[in-house]
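**Student:** The structure under discussion is supplied below as structure tokens; questions concerning it will follow.
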Amino acid sequence: MGSQNNILETILKSSRTVFTIQSMMMLTGCEDSTKLTKSLHYYSKSGKICNPRKGLYAKLVYDEKEMACGMFRPAYISLEYVLQRAGVVFQFDETVTCVSYLNREVEIDGRSYRYRIIKPELWIGMEGINQNDNVCMATPERAFLDMVYLSAGSCYFDNLRPLDKLRIKELLPLYNSRVLEKRVSELLNLKV
């Protein structure tokens with residue numbers, strides 16, 4: 001039980017709030033994934049940590065943004081979640097919206113997490129995506145481009161003033177899409 005206590009102590013002292021087996025192996029130095037899984041399962045059953053999804057563990061109080069980025073990797077928070085907080089979209093929704101390698105909607109502890117698939121080429125380079133600890137979040141400009149790109153132009157924005165048009169123009173070539181360039185130039189009255 002001594003090594004198990006070290007695992008729990010490591011979890012509780014960590015700045016992270018969401019863990020996978022792989023991240024716990026790196027954090028604890030434990031090389032036996034079966035032993036580690038059994039320890040995590042024990043702590044989950046005894047109510048010291050939670051197990052919201054298979055292979056995913058969290059402190060009893062965890063960061064929703066960290067949960068969103070940890071559930072499916074790679075993923076970053078974008079779209080409506082970022083645009084609402086930037087004042088670009090006024091319709092508020094509690095759903096944490098992400099861009100990832102798959103389309104999925106998951107509910108954990110009454111909170112919805114929505115993932116939208118984006119082509120793998122857009123993952124090369126992380127321009128317009130800020131990484132802070134275990135959370136990757138798009139800038140409002142990147143979230144705007146993701147939204148226009150994924151919605152095929154059928155999206156509505158309440159207030160485009162918070163967006164940096166120059167930054168959007170810099171990020172636009174990442175998408176390598178003439179159709180997107182046309183949509184963005186019409187929305188923002190840009191010359192691309």
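We name chains A, B, ... following the order of the structure tokens; residues begin at 1 in each chain, and ligands are numbered from 1 as shown.
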Excluding A:Pro140 and its own-chain neighbours fewer than 3 positions away, which residues fall within 12 Å of it when counting only C-alpha atoms? Please give them as an MDAnalysis selection string.
**Tutor:** chainID A and resid 77:89 128:130 137 143:147 159:165 167:168 171
**Student:** With only C-alpha atoms as the counted atoms, please give the residues lying no more than 7 Å from stretch 41-58 of chain A, apart from itself and same-chain residues fewer than 6 positions off, as a PDB file with N, CA, C and O atoms, in the first residue's frame.
**Tutor:**
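The resulting file, part_31.pdb, is shown below:
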ATOM      1  N   THR A  17      -5.301  18.365 -13.028  1.00  0.00           N
ATOM      2  CA  THR A  17      -6.519  17.871 -12.402  1.00  0.00           C
ATOM      3  C   THR A  17      -7.113  16.681 -13.148  1.00  0.00           C
ATOM      4  O   THR A  17      -8.005  16.015 -12.636  1.00  0.00           O
ATOM      5  N   VAL A  18      -6.618  16.399 -14.353  1.00  0.00           N
ATOM      6  CA  VAL A  18      -7.116  15.297 -15.173  1.00  0.00           C
ATOM      7  C   VAL A  18      -5.913  14.470 -15.628  1.00  0.00           C
ATOM      8  O   VAL A  18      -4.892  15.023 -16.039  1.00  0.00           O
ATOM      9  N   PHE A  19      -6.061  13.136 -15.559  1.00  0.00           N
ATOM     10  CA  PHE A  19      -4.949  12.243 -15.845  1.00  0.00           C
ATOM     11  C   PHE A  19      -5.379  11.075 -16.723  1.00  0.00           C
ATOM     12  O   PHE A  19      -6.499  10.574 -16.589  1.00  0.00           O
ATOM     13  N   THR A  20      -4.465  10.623 -17.562  1.00  0.00           N
ATOM     14  CA  THR A  20      -4.629   9.365 -18.275  1.00  0.00           C
ATOM     15  C   THR A  20      -3.616   8.397 -17.658  1.00  0.00           C
ATOM     16  O   THR A  20      -2.739   8.816 -16.898  1.00  0.00           O
ATOM     17  N   ILE A  21      -3.723   7.143 -18.007  1.00  0.00           N
ATOM     18  CA  ILE A  21      -2.747   6.165 -17.506  1.00  0.00           C
ATOM     19  C   ILE A  21      -1.341   6.576 -17.954  1.00  0.00           C
ATOM     20  O   ILE A  21      -0.399   6.560 -17.165  1.00  0.00           O
ATOM     21  N   ILE A 108     -20.209  14.673 -19.127  1.00  0.00           N
ATOM     22  CA  ILE A 108     -19.564  14.260 -17.879  1.00  0.00           C
ATOM     23  C   ILE A 108     -20.015  15.220 -16.789  1.00  0.00           C
ATOM     24  O   ILE A 108     -19.894  16.437 -16.937  1.00  0.00           O
TER      25      ILE A 108
END
**Student:** Take atom CA of A:Tyr113 and atom CA of A:Asp63 and report the distance between them in Å, one decimal.
**Tutor:**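 Atom-to-atom, atom CA of A:Tyr113 to atom CA of A:Asp63, that is 12.8 Å.
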**Student:** Out of A:Arg16, A:Gln22, A:Asp109, A:Cys69, which residue has the shortest atom-to-atom distance to A:Cys136 when counting only C-alpha atoms?
**Tutor:** A:Cys69
**Student:** Write out as a ChimeraX atom specification the set of residues from stretch 49-186 of chain A that DSSP, computed on the backbone, places in alpha helix (DSSP H).
**Tutor:** /A:64-71,79-86,140-150,165-171,178-186
**Student:** Would you mind telling me which residue in A:Met126, A:Tyr115, A:Asn189, A:Met67 lies nearest to A:Leu174 when using only C-alpha atoms?
**Tutor:**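 The closest residue to A:Leu174 is A:Met126.
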**Student:** Among stretch 49-155 of chain A, which ones does DSSP place in strand (DSSP E), written as a short mmCIF file (atom, residue, chain, number, x, y, z; two decimals) with N, CA and C atoms, in the first residue's frame?
**Tutor:**
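See states07.cif below for the written result:
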data_model
loop_
_atom_site.label_atom_id
_atom_site.label_comp_id
_atom_site.auth_asym_id
_atom_site.auth_seq_id
_atom_site.Cartn_x
_atom_site.Cartn_y
_atom_site.Cartn_z
N CYS A 50 -11.89 10.64 -9.11
CA CYS A 50 -13.03 10.16 -9.91
C CYS A 50 -12.53 9.58 -11.24
N ASN A 51 -13.37 8.76 -11.84
CA ASN A 51 -13.08 8.08 -13.10
C ASN A 51 -14.24 8.37 -14.05
N PRO A 52 -14.24 9.58 -14.67
CA PRO A 52 -15.38 9.99 -15.50
C PRO A 52 -15.56 9.19 -16.79
N ARG A 53 -14.47 8.62 -17.32
CA ARG A 53 -14.50 7.80 -18.53
C ARG A 53 -13.42 6.75 -18.42
N LEU A 56 -9.59 7.52 -18.02
CA LEU A 56 -9.46 8.94 -17.66
C LEU A 56 -9.79 9.10 -16.18
N TYR A 57 -8.88 9.72 -15.46
CA TYR A 57 -9.06 9.93 -14.02
C TYR A 57 -8.91 11.41 -13.72
N ALA A 58 -9.54 11.84 -12.62
CA ALA A 58 -9.48 13.25 -12.28
C ALA A 58 -9.56 13.43 -10.77
N ALA A 75 -6.48 17.71 -29.04
CA ALA A 75 -7.70 18.52 -29.08
C ALA A 75 -7.38 19.89 -28.52
N TYR A 76 -8.09 20.89 -29.01
CA TYR A 76 -7.98 22.22 -28.41
C TYR A 76 -9.36 22.85 -28.36
N ILE A 77 -9.57 23.69 -27.36
CA ILE A 77 -10.85 24.36 -27.16
C ILE A 77 -10.95 25.49 -28.19
N VAL A 96 -18.62 22.85 -23.79
CA VAL A 96 -17.22 23.14 -24.10
C VAL A 96 -16.98 22.58 -25.50
N THR A 97 -16.71 23.46 -26.46
CA THR A 97 -16.54 23.04 -27.85
C THR A 97 -15.06 22.95 -28.19
N CYS A 98 -14.71 21.86 -28.85
CA CYS A 98 -13.31 21.58 -29.17
C CYS A 98 -13.15 21.17 -30.62
N VAL A 99 -11.94 21.30 -31.09
CA VAL A 99 -11.56 20.78 -32.40
C VAL A 99 -10.62 19.62 -32.13
N SER A 100 -10.84 18.51 -32.83
CA SER A 100 -10.04 17.32 -32.60
C SER A 100 -9.99 16.47 -33.86
N ARG A 104 -17.64 14.03 -31.89
CA ARG A 104 -18.20 13.32 -30.75
C ARG A 104 -18.81 14.31 -29.79
N GLU A 105 -19.84 13.89 -29.08
CA GLU A 105 -20.40 14.68 -27.99
C GLU A 105 -20.43 13.79 -26.76
N VAL A 106 -19.88 14.29 -25.66
CA VAL A 106 -19.75 13.52 -24.43
C VAL A 106 -20.30 14.36 -23.29
N GLU A 107 -20.99 13.70 -22.36
CA GLU A 107 -21.47 14.41 -21.17
C GLU A 107 -20.79 13.81 -19.94
N ILE A 108 -20.21 14.67 -19.13
CA ILE A 108 -19.56 14.26 -17.88
C ILE A 108 -20.02 15.22 -16.79
N ARG A 111 -22.02 18.26 -17.72
CA ARG A 111 -21.40 19.22 -18.65
C ARG A 111 -21.20 18.52 -19.99
N SER A 112 -21.57 19.21 -21.07
CA SER A 112 -21.39 18.65 -22.42
C SER A 112 -20.06 19.12 -23.01
N TYR A 113 -19.42 18.19 -23.68
CA TYR A 113 -18.18 18.46 -24.41
C TYR A 113 -18.43 18.02 -25.84
N ARG A 114 -18.27 18.95 -26.79
CA ARG A 114 -18.51 18.66 -28.20
C ARG A 114 -17.20 18.79 -28.97
N TYR A 115 -16.90 17.76 -29.73
CA TYR A 115 -15.67 17.72 -30.54
C TYR A 115 -16.04 17.72 -32.01
N ARG A 116 -15.36 18.55 -32.77
CA ARG A 116 -15.57 18.61 -34.23
C ARG A 116 -14.25 18.24 -34.90
N ILE A 117 -14.36 17.47 -35.95
CA ILE A 117 -13.17 17.00 -36.65
C ILE A 117 -12.65 18.08 -37.60
N ILE A 129 -3.08 29.01 -31.36
CA ILE A 129 -3.52 28.14 -30.27
C ILE A 129 -2.57 28.35 -29.10
N ASN A 130 -3.12 28.77 -27.98
CA ASN A 130 -2.32 29.00 -26.78
C ASN A 130 -2.33 27.75 -25.92
N GLN A 131 -1.15 27.39 -25.42
CA GLN A 131 -1.06 26.25 -24.52
C GLN A 131 -0.65 26.77 -23.15
N ASN A 132 -1.50 26.50 -22.17
CA ASN A 132 -1.25 26.92 -20.80
C ASN A 132 -1.44 25.70 -19.92
N VAL A 135 -3.94 22.82 -20.94
CA VAL A 135 -5.08 23.32 -21.72
C VAL A 135 -4.58 24.00 -22.98
N CYS A 136 -5.11 23.56 -24.11
CA CYS A 136 -4.83 24.22 -25.38
C CYS A 136 -6.12 24.92 -25.81
N MET A 137 -6.01 26.23 -26.07
CA MET A 137 -7.20 27.00 -26.42
C MET A 137 -6.89 27.93 -27.59
N ALA A 138 -7.78 27.94 -28.54
CA ALA A 138 -7.63 28.81 -29.71
C ALA A 138 -7.79 30.27 -29.29
#
**Student:** May I have the residues within 9 Å of A:Ser14 as a list in words, using only C-alpha atoms and disregarding those fewer than 4 positions away in the same chain?
**Tutor:**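 In the requested format, the answer is Glu9, Thr10 and Leu27 of chain A.
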